[in-house]
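So this block is work-v5.txt, compact mmCIF, C-alpha atoms:
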# COMPACT_ATOMS: atom_id res chain seq x y z
CA MET F 505 -67.40 -9.87 -86.54
CA ILE F 506 -65.60 -11.63 -89.35
CA ASP F 507 -63.53 -14.41 -87.80
CA LEU F 508 -61.42 -17.28 -89.08
CA ASN F 509 -64.46 -19.52 -89.59
CA ALA F 510 -66.00 -17.16 -92.16
CA TYR F 511 -62.91 -17.41 -94.38
CA LEU F 512 -62.64 -21.17 -93.88
CA PHE F 513 -66.30 -21.51 -94.86
CA LEU F 514 -65.63 -19.59 -98.08
CA GLY F 515 -62.68 -21.89 -98.78
CA ALA F 516 -64.91 -24.93 -98.15
CA ILE F 517 -67.51 -23.61 -100.63
CA LEU F 518 -64.84 -23.11 -103.32
CA PHE F 519 -63.41 -26.58 -102.65
CA THR F 520 -66.83 -28.22 -102.87
CA CYS F 521 -67.66 -26.38 -106.11
CA GLY F 522 -64.35 -27.58 -107.53
CA VAL F 523 -65.05 -31.20 -106.62
CA CYS F 524 -68.54 -30.96 -108.13
CA CYS F 525 -67.03 -29.40 -111.26
CA LEU F 526 -64.54 -32.29 -111.54
CA MET F 527 -67.34 -34.84 -111.37
CA THR F 528 -69.93 -33.21 -113.63
CA LYS F 529 -67.91 -31.77 -116.53
CA ARG F 530 -67.17 -33.85 -119.59
CA ASN F 531 -65.03 -31.16 -121.21
CA ALA F 532 -61.37 -31.58 -120.25
CA ILE F 533 -60.98 -27.80 -119.93
CA GLY F 534 -63.95 -27.79 -117.52
CA VAL F 535 -62.24 -30.42 -115.39
CA LEU F 536 -59.17 -28.16 -115.33
CA MET F 537 -61.36 -25.29 -114.10
CA GLY F 538 -62.54 -27.52 -111.25
CA VAL F 539 -58.93 -28.10 -110.22
CA GLU F 540 -58.33 -24.33 -110.24
CA LEU F 541 -61.34 -23.85 -107.94
CA ILE F 542 -60.03 -26.49 -105.51
CA LEU F 543 -56.59 -24.87 -105.41
CA ASN F 544 -58.16 -21.44 -104.81
CA GLY F 545 -60.13 -22.76 -101.86
CA ALA F 546 -56.94 -24.18 -100.34
CA THR F 547 -55.11 -20.88 -100.91
CA ILE F 548 -57.84 -18.90 -99.14
CA ASN F 549 -57.44 -21.23 -96.16
CA PHE F 550 -53.67 -20.71 -96.09
CA VAL F 551 -53.92 -16.91 -96.19
CA ALA F 552 -56.71 -16.89 -93.58
CA PHE F 553 -54.53 -18.93 -91.22
CA ALA F 554 -51.65 -16.55 -91.89
CA HIS F 555 -53.87 -13.61 -90.96
CA PHE F 556 -55.43 -15.05 -87.83
CA ASN F 557 -52.40 -16.88 -86.39
CA PRO F 558 -49.45 -14.46 -86.15
CA THR F 559 -47.01 -17.31 -85.46
CA PHE F 560 -47.43 -18.57 -89.01
CA GLU F 561 -47.97 -15.31 -90.85
CA ILE F 562 -44.96 -16.01 -93.07
CA GLU F 563 -45.70 -19.68 -93.74
CA GLY F 564 -49.28 -19.08 -94.80
CA GLN F 565 -48.20 -16.62 -97.47
CA ILE F 566 -45.24 -18.75 -98.63
CA PHE F 567 -47.40 -21.85 -99.05
CA ALA F 568 -50.04 -19.82 -100.88
CA LEU F 569 -47.34 -18.56 -103.26
CA PHE F 570 -46.19 -22.14 -103.87
CA VAL F 571 -49.77 -23.20 -104.59
CA ILE F 572 -50.23 -20.37 -107.11
CA ALA F 573 -46.96 -21.20 -108.90
CA LEU F 574 -47.70 -24.94 -108.97
CA ALA F 575 -51.22 -24.26 -110.25
CA ALA F 576 -49.76 -22.27 -113.15
CA ALA F 577 -47.40 -25.15 -113.98
CA GLU F 578 -50.22 -27.67 -113.69
CA ALA F 579 -52.46 -25.62 -115.98
CA ALA F 580 -49.71 -25.44 -118.62
CA VAL F 581 -49.14 -29.20 -118.65
CA ALA F 582 -52.85 -30.05 -118.48
CA LEU F 583 -53.60 -27.76 -121.42
CA ALA F 584 -50.75 -29.27 -123.43
CA ILE F 585 -52.18 -32.73 -122.78
CA ALA F 586 -55.69 -31.56 -123.65
CA LEU F 587 -54.48 -30.02 -126.93
CA ASN F 588 -52.60 -33.21 -127.76
CA PHE F 589 -55.70 -35.27 -127.02
CA TYR F 590 -57.78 -32.95 -129.20
CA ASN F 591 -55.26 -33.26 -132.05
CA ASN F 592 -55.38 -37.04 -131.88
CA HIS F 593 -59.09 -37.62 -131.27
CA ASP F 594 -60.81 -34.50 -132.68
CA SER F 595 -62.68 -34.25 -129.39
CA ILE F 596 -62.19 -32.78 -125.93
CA ASP F 597 -64.63 -35.19 -124.27
CA VAL F 598 -62.87 -36.98 -121.40
CA ASP F 599 -65.26 -39.93 -121.76
CA ARG F 600 -63.60 -40.75 -125.07
CA ALA F 601 -60.18 -41.11 -123.46
CA GLU F 602 -60.55 -44.82 -122.95
CA GLU F 603 -57.60 -46.29 -124.81
CA LEU F 604 -55.86 -47.18 -121.58
CA LYS F 605 -58.93 -48.85 -120.12
CA GLY F 606 -58.05 -52.40 -119.20
CA MET P 462 -71.73 -3.56 -89.32
CA SER P 463 -68.29 -2.25 -90.11
CA VAL P 464 -66.89 -1.51 -93.55
CA TYR P 465 -64.62 -4.53 -93.17
CA ALA P 466 -67.59 -6.85 -92.67
CA VAL P 467 -69.50 -5.33 -95.59
CA LEU P 468 -66.47 -5.72 -97.85
CA PHE P 469 -66.03 -9.31 -96.75
CA TYR P 470 -69.65 -10.25 -97.40
CA VAL P 471 -69.66 -8.58 -100.83
CA LEU P 472 -66.39 -10.21 -101.92
CA ALA P 473 -67.20 -13.61 -100.43
CA GLY P 474 -70.67 -13.59 -102.00
CA LEU P 475 -69.23 -12.68 -105.40
CA THR P 476 -66.57 -15.38 -105.15
CA ALA P 477 -68.90 -18.13 -103.93
CA LEU P 478 -71.73 -17.36 -106.38
CA SER P 479 -69.30 -17.26 -109.31
CA ALA P 480 -67.86 -20.61 -108.21
CA VAL P 481 -71.35 -22.12 -108.11
CA ALA P 482 -72.04 -20.62 -111.55
CA VAL P 483 -68.87 -22.28 -112.94
CA VAL P 484 -70.32 -25.63 -111.91
CA LEU P 485 -73.89 -25.02 -113.07
CA THR P 486 -73.30 -23.39 -116.45
CA THR P 487 -73.27 -25.69 -119.45
CA SER P 488 -71.25 -23.52 -121.81
CA ILE P 489 -67.51 -23.77 -121.35
CA VAL P 490 -66.99 -20.14 -122.43
CA ARG P 491 -69.40 -18.93 -119.73
CA ALA P 492 -67.64 -21.16 -117.21
CA ALA P 493 -64.35 -19.42 -118.09
CA THR P 494 -65.99 -16.01 -117.56
CA TRP P 495 -67.40 -17.03 -114.17
CA LEU P 496 -63.98 -18.42 -113.24
CA LEU P 497 -62.56 -14.96 -113.95
CA PHE P 498 -64.89 -13.46 -111.32
CA THR P 499 -64.02 -16.21 -108.83
CA LEU P 500 -60.28 -15.64 -109.23
CA ALA P 501 -60.62 -11.86 -109.03
CA GLY P 502 -62.81 -12.20 -105.93
CA THR P 503 -60.17 -14.42 -104.34
CA ALA P 504 -57.60 -11.70 -105.02
CA GLY P 505 -59.93 -9.23 -103.27
CA ILE P 506 -60.15 -11.60 -100.27
CA PHE P 507 -56.34 -11.65 -100.14
CA PHE P 508 -56.24 -7.84 -100.10
CA LEU P 509 -58.86 -7.89 -97.34
CA LEU P 510 -56.67 -10.27 -95.31
CA GLY P 511 -53.74 -7.89 -95.61
CA ALA P 512 -51.70 -10.06 -97.99
CA ASP P 513 -51.02 -7.37 -100.61
CA PHE P 514 -48.24 -9.21 -102.43
CA LEU P 515 -50.32 -12.37 -102.72
CA GLY P 516 -53.33 -10.44 -103.98
CA ALA P 517 -51.22 -8.81 -106.67
CA GLY P 518 -49.64 -12.17 -107.48
CA GLN P 519 -53.06 -13.78 -107.75
CA LEU P 520 -54.19 -11.09 -110.18
CA LEU P 521 -51.02 -11.28 -112.26
CA ILE P 522 -50.48 -15.04 -112.37
CA TYR P 523 -53.99 -16.47 -112.09
CA VAL P 524 -56.18 -13.87 -113.77
CA GLY P 525 -53.52 -12.64 -116.17
CA GLY P 526 -51.74 -15.90 -116.91
CA THR P 527 -53.54 -19.11 -116.07
CA LEU P 528 -56.98 -17.89 -117.06
CA VAL P 529 -55.72 -16.60 -120.42
CA LEU P 530 -54.13 -20.02 -120.93
CA VAL P 531 -57.47 -21.68 -120.16
CA VAL P 532 -59.31 -19.36 -122.55
CA PHE P 533 -56.79 -20.19 -125.27
CA GLY P 534 -57.42 -23.86 -124.52
CA VAL P 535 -61.15 -23.27 -124.94
CA MET P 536 -60.65 -21.50 -128.24
CA LEU P 537 -58.21 -24.08 -129.63
CA THR P 538 -60.51 -26.99 -128.83
CA THR P 539 -63.79 -25.60 -130.11
CA GLN P 540 -65.75 -28.30 -131.83
CA ASP P 541 -69.10 -28.97 -133.35
CA PRO P 542 -71.66 -27.10 -131.23
CA ARG P 543 -74.27 -29.73 -132.01
CA LEU P 544 -72.16 -32.28 -130.17
CA ASN P 545 -73.71 -32.96 -126.78
CA LEU P 546 -71.31 -32.77 -123.85
CA GLN P 547 -74.01 -32.88 -121.17
CA ILE P 548 -74.16 -35.56 -118.53
CA GLY P 549 -77.21 -37.49 -117.40
CA VAL P 550 -79.49 -36.73 -114.46
CA ALA P 551 -78.10 -39.67 -112.49
CA GLU P 552 -74.53 -38.39 -112.83
CA TRP P 553 -75.66 -34.89 -111.79
CA LEU P 554 -77.33 -36.39 -108.72
CA ILE P 555 -74.23 -38.39 -107.77
CA GLY P 556 -72.02 -35.32 -108.12
CA LEU P 557 -74.42 -33.09 -106.18
CA VAL P 558 -74.94 -35.56 -103.33
CA THR P 559 -71.21 -36.23 -103.00
CA SER P 560 -70.36 -32.51 -103.00
CA LEU P 561 -73.08 -31.66 -100.47
CA ALA P 562 -71.89 -34.49 -98.21
CA LEU P 563 -68.34 -33.14 -98.48
CA LEU P 564 -69.53 -29.63 -97.67
CA GLY P 565 -71.43 -30.99 -94.68
CA VAL P 566 -68.34 -32.75 -93.36
CA LEU P 567 -66.27 -29.57 -93.78
CA VAL P 568 -68.88 -27.36 -92.06
CA VAL P 569 -69.25 -29.78 -89.14
CA SER P 570 -65.49 -29.85 -88.67
CA LEU P 571 -65.44 -26.02 -88.86
CA ALA P 572 -68.00 -25.82 -86.06
CA GLY P 573 -65.63 -27.61 -83.69
CA LEU P 574 -62.73 -25.33 -84.52
CA GLN P 575 -61.11 -23.27 -81.81
CA GLU P 576 -59.91 -19.76 -82.63
CA PRO P 577 -56.21 -19.09 -82.08
CA PRO P 578 -55.78 -17.51 -78.62
CA ASP P 579 -54.35 -14.23 -79.85
CA ALA P 580 -56.36 -13.90 -83.05
CA PRO P 581 -56.27 -10.26 -84.18
CA GLU P 582 -59.54 -8.38 -84.51
CA GLY P 583 -60.32 -6.52 -87.70
CA PRO P 584 -57.95 -5.64 -90.52
CA ARG P 585 -54.21 -5.96 -90.16
CA SER P 586 -51.29 -6.05 -92.55
CA LEU P 587 -49.31 -9.22 -93.13
CA PRO P 588 -45.51 -9.14 -93.54
CA PRO P 589 -44.47 -7.29 -96.72
CA SER P 590 -42.88 -8.85 -99.77
CA ARG P 591 -39.40 -7.83 -98.56
CA GLN P 592 -39.75 -10.23 -95.63
CA LEU P 593 -41.19 -12.97 -97.84
CA GLY P 594 -38.23 -12.59 -100.17
CA ALA P 595 -35.79 -12.81 -97.27
CA VAL P 596 -37.37 -16.08 -96.09
CA LEU P 597 -37.31 -17.51 -99.62
CA LEU P 598 -33.66 -16.56 -100.01
CA GLY P 599 -32.59 -18.36 -96.84
CA ASP P 600 -32.64 -15.74 -94.07
CA THR P 601 -33.89 -17.44 -90.91
CA ARG P 602 -34.07 -14.11 -89.08
CA ALA P 603 -37.06 -13.11 -91.19
CA THR P 604 -39.43 -15.64 -89.63
CA PRO P 605 -41.18 -14.21 -86.57
CA VAL P 606 -40.28 -15.11 -83.00
CA ALA P 607 -43.63 -16.08 -81.54
CA PRO P 608 -45.11 -18.64 -79.15
CA LEU P 609 -46.12 -21.91 -80.70
CA THR P 610 -49.91 -22.16 -80.73
CA GLY P 611 -51.66 -25.37 -79.79
CA THR P 612 -49.40 -25.98 -76.79
CA PRO P 613 -50.41 -25.62 -73.11
CA GLN P 614 -50.74 -21.95 -72.19
CA LEU P 615 -48.47 -22.20 -69.13
CA ASN P 616 -45.42 -23.30 -71.10
CA TYR P 617 -43.81 -20.99 -73.61
CA TYR P 618 -42.51 -22.81 -76.64
CA ALA P 619 -40.97 -20.51 -79.20
CA ARG P 620 -41.33 -21.73 -82.73
CA VAL P 621 -38.29 -22.84 -84.71
CA ARG P 622 -37.00 -20.23 -87.13
CA VAL P 623 -36.75 -21.67 -90.60
CA HIS P 624 -36.22 -20.57 -94.16
CA TYR P 625 -37.58 -21.83 -97.45
CA LEU P 626 -34.60 -21.65 -99.80
CA LEU P 627 -34.70 -25.32 -100.83
CA PRO P 628 -38.46 -25.41 -101.66
CA PHE P 629 -37.98 -22.17 -103.60
CA GLU P 630 -35.17 -23.68 -105.69
CA LEU P 631 -37.16 -26.89 -106.20
CA LEU P 632 -40.10 -24.83 -107.38
CA SER P 633 -37.91 -22.90 -109.83
CA VAL P 634 -36.47 -26.08 -111.37
CA HIS P 635 -39.94 -27.62 -111.40
CA LEU P 636 -41.34 -24.67 -113.32
CA LEU P 637 -38.50 -24.87 -115.85
CA VAL P 638 -39.01 -28.62 -116.38
CA VAL P 639 -42.79 -28.21 -116.63
CA LEU P 640 -42.59 -25.43 -119.20
CA ILE P 641 -40.13 -27.38 -121.37
CA GLY P 642 -42.38 -30.43 -121.06
CA ALA P 643 -45.49 -28.43 -121.95
CA ALA P 644 -43.80 -26.90 -124.98
CA TYR P 645 -42.72 -30.38 -126.08
CA LEU P 646 -46.20 -31.87 -125.60
CA ALA P 647 -48.11 -29.05 -127.27
CA ARG P 648 -45.82 -28.51 -130.24
CA ALA P 649 -47.38 -28.57 -133.66
CA LYS P 650 -47.14 -31.91 -135.35
CA ARG P 651 -48.87 -33.91 -138.02
CA ARG P 652 -52.55 -34.64 -137.71
CA ARG P 653 -53.96 -38.13 -137.77
CA VAL P 654 -53.11 -40.32 -140.74
CA ASP P 655 -56.65 -40.21 -142.14
CA ALA P 656 -56.77 -36.44 -141.88
CA GLN P 657 -56.68 -34.41 -145.05
CA PRO P 658 -53.10 -34.12 -146.33
CA PRO P 659 -51.85 -30.53 -146.25
CA THR P 660 -51.19 -28.69 -149.45
CA SER P 661 -47.62 -27.87 -150.30
CA SER P 662 -47.89 -24.15 -149.62
CA SER P 663 -49.44 -24.55 -146.13
CA ALA P 664 -47.01 -27.35 -145.25
CA GLN P 665 -44.11 -25.00 -145.88
CA GLY P 666 -45.75 -22.31 -143.80
CA VAL P 667 -45.66 -19.84 -146.67
CA ALA P 668 -47.98 -16.90 -146.19
CA PRO P 669 -50.36 -16.36 -149.09

As structure tokens - that is how I would like this structure written.
Amino acid sequence: MIDLNAYLFLGAILFTCGVCCLMTKRNAIGVLMGVELILNGATINFVAFAHFNPTFEIEGQIFALFVIALAAAEAAVALAIALNFYNNHDSIDVDRAEELKG
Amino acid sequence: MSVYAVLFYVLAGLTALSAVAVVLTTSIVRAATWLLFTLAGTAGIFFLLGADFLGAGQLLIYVGGTLVLVVFGVMLTTQDPRLNLQIGVAEWLIGLVTSLALLGVLVVSLAGLQEPPDAPEGPRSLPPSRQLGAVLLGDTRATPVAPLTGTPQLNYYARVRVHYLLPFELLSVHLLVVLIGAAYLARAKRRRVDAQPPTSSSAQGVAP
């Protein structure tokens, strides 16, 4: 029987992959992909809670919609920053973004 | 094993394996392709959970919008393929150990989780988009009247009926501001000072 825990486990796997992606990628676009994975894991959790707890069947979907919309906005801004960085430094390597290092 | 269970295992396996492949692959183009499968698999999970509107939204916004944006980002920032963007073994180990520790914490906390008392068995349909729209537009009657879970079983506490008009409006204004900001940040402008000066015809944007 597929219960709530199975979906939450899938969300945990996506979240962990996202965190690992954030830490191991040096390409700024790769870091952005890690953030997308993390947000997807959270969204799966929200929808699973909406499905398995009828009291919050509306809230789970609403919050998931908000997450999707905010992820789209975040991707747009992050890509604009990445393109700007590439224009200024001729590189997309996040390790070279060290001008603000104290 | 029911069809529902088979569908879940196929979709969850596809989603999880693609997510692992996004992390492990070294080419950014392949990572984008694996991310496509992860996002599509997530949409399938939404359909399996009965959230049809969300599944369609995930396909339209994530797969159709955000992922295309990411692929454009990949294409616009291509650079010398000889340039090495790999990280060292020590950094891989740190990332792997930290992620596995995080996964362990999450799994341990999942093991102690209690199912909701009236959790439905098998497939069921979540409220349709009409009801979601009513809640977003400020109709408190659209939220369900149901007992609050997590309270003692003997007492009946009905949940408060709410609407989400204000977050919806905030989100709309936020999207507008973000898109204007992104267009401002990413607009075409001069290259670095030491870059090659553009010729007169390309500076004017005249097509050859």

Point-to-point distance from CA of Ala568 (chain F) to CA of Thr503 (chain P), Å rounded to tenths: 12.0 Å

message: The residues within 12 Å of (-51.3, -26.0, -116.4), using all atoms listed in the file and the coordinates of the file, should be reported as number ranges by chain; which are they?
response: F: 533, 535-537, 539-540, 572-587; P: 522-523, 526-531, 533-534, 636, 639-640, 642-644, 647

- request: Write out as a ChimeraX atom specification the residues lying within 12 Å of Gly538 (chain F), counting all atoms listed in the file and excluding same-chain residues fewer than 6 positions away.
  value: /F:518-532,544-545,575,579 /P:480-485,489,492-493,495-496,499,531

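Counting from CA of Ala516 (chain F), the distance to CA of Asp597 (chain F) is 28.1 Å.
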
message: Using only C-alpha atoms, can you tell me which of F:Ile517, F:Leu508, F:Ile562, F:Leu541 comes closest to Thr601 (chain P)?
response: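 Looking at the shortest contact to Thr601 (chain P), the residue is F:Ile562.
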
- request: Using all atoms listed in the file, pick whichever of P:Val524, P:Val569, P:Leu626, P:Val535 has the shortest atom-to-atom distance to chain F.
  value: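 Closest to chain F, using all atoms listed in the file: P:Val535.
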
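Each of P:Leu500, P:Ile506, P:Ala580, P:Val596 was compared to Leu468 (chain P) using all atoms listed in the file, and P:Ile506 turns out to be the nearest.
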
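Minimum atom-to-atom distance to chain F, evaluated using all atoms listed in the file, belongs to P:Leu564 out of P:Leu509, P:Leu554, P:Leu564, P:Leu631.
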
- prompt: How far is it from CA of Ala512 (chain P) to CA of Pro588 (chain P), in Å with one decimal?
  reply: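 CA of Pro588 (chain P) lies at a distance of 7.7 Å from CA of Ala512 (chain P).
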
- prompt: Looking at all atoms listed in the file, which of F:Leu604, F:Phe589, F:Phe553, F:Ile506 is the one that sits closest to chain P?
  reply: F:Ile506

query: Of the residues P:Gly549, P:Val621, P:Tyr645, P:Gln592, which is the one nearest to Pro608 (chain P), using all atoms listed in the file?
result: P:Val621

Neighbour list for Leu571 (chain P) as a ChimeraX atom specification, cut-off 12 Å, all atoms listed in the file, skip fewer than 3 positions in-chain: /F:507-516,549 /P:564-568,574-576

Would you save the residues from that selection as a PDB file, keeping the file's coordinate frame, using C-alpha atoms?
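Saved to result_9.pdb:
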ATOM      1  CA  ASP F 507     -63.530 -14.410 -87.800  1.00  0.00           C
ATOM      2  CA  LEU F 508     -61.420 -17.280 -89.080  1.00  0.00           C
ATOM      3  CA  ASN F 509     -64.460 -19.520 -89.590  1.00  0.00           C
ATOM      4  CA  ALA F 510     -66.000 -17.160 -92.160  1.00  0.00           C
ATOM      5  CA  TYR F 511     -62.910 -17.410 -94.380  1.00  0.00           C
ATOM      6  CA  LEU F 512     -62.640 -21.170 -93.880  1.00  0.00           C
ATOM      7  CA  PHE F 513     -66.300 -21.510 -94.860  1.00  0.00           C
ATOM      8  CA  LEU F 514     -65.630 -19.590 -98.080  1.00  0.00           C
ATOM      9  CA  GLY F 515     -62.680 -21.890 -98.780  1.00  0.00           C
ATOM     10  CA  ALA F 516     -64.910 -24.930 -98.150  1.00  0.00           C
ATOM     11  CA  ASN F 549     -57.440 -21.230 -96.160  1.00  0.00           C
TER      12      ASN F 549
ATOM     13  CA  LEU P 564     -69.530 -29.630 -97.670  1.00  0.00           C
ATOM     14  CA  GLY P 565     -71.430 -30.990 -94.680  1.00  0.00           C
ATOM     15  CA  VAL P 566     -68.340 -32.750 -93.360  1.00  0.00           C
ATOM     16  CA  LEU P 567     -66.270 -29.570 -93.780  1.00  0.00           C
ATOM     17  CA  VAL P 568     -68.880 -27.360 -92.060  1.00  0.00           C
ATOM     18  CA  LEU P 574     -62.730 -25.330 -84.520  1.00  0.00           C
ATOM     19  CA  GLN P 575     -61.110 -23.270 -81.810  1.00  0.00           C
ATOM     20  CA  GLU P 576     -59.910 -19.760 -82.630  1.00  0.00           C
TER      21      GLU P 576
END
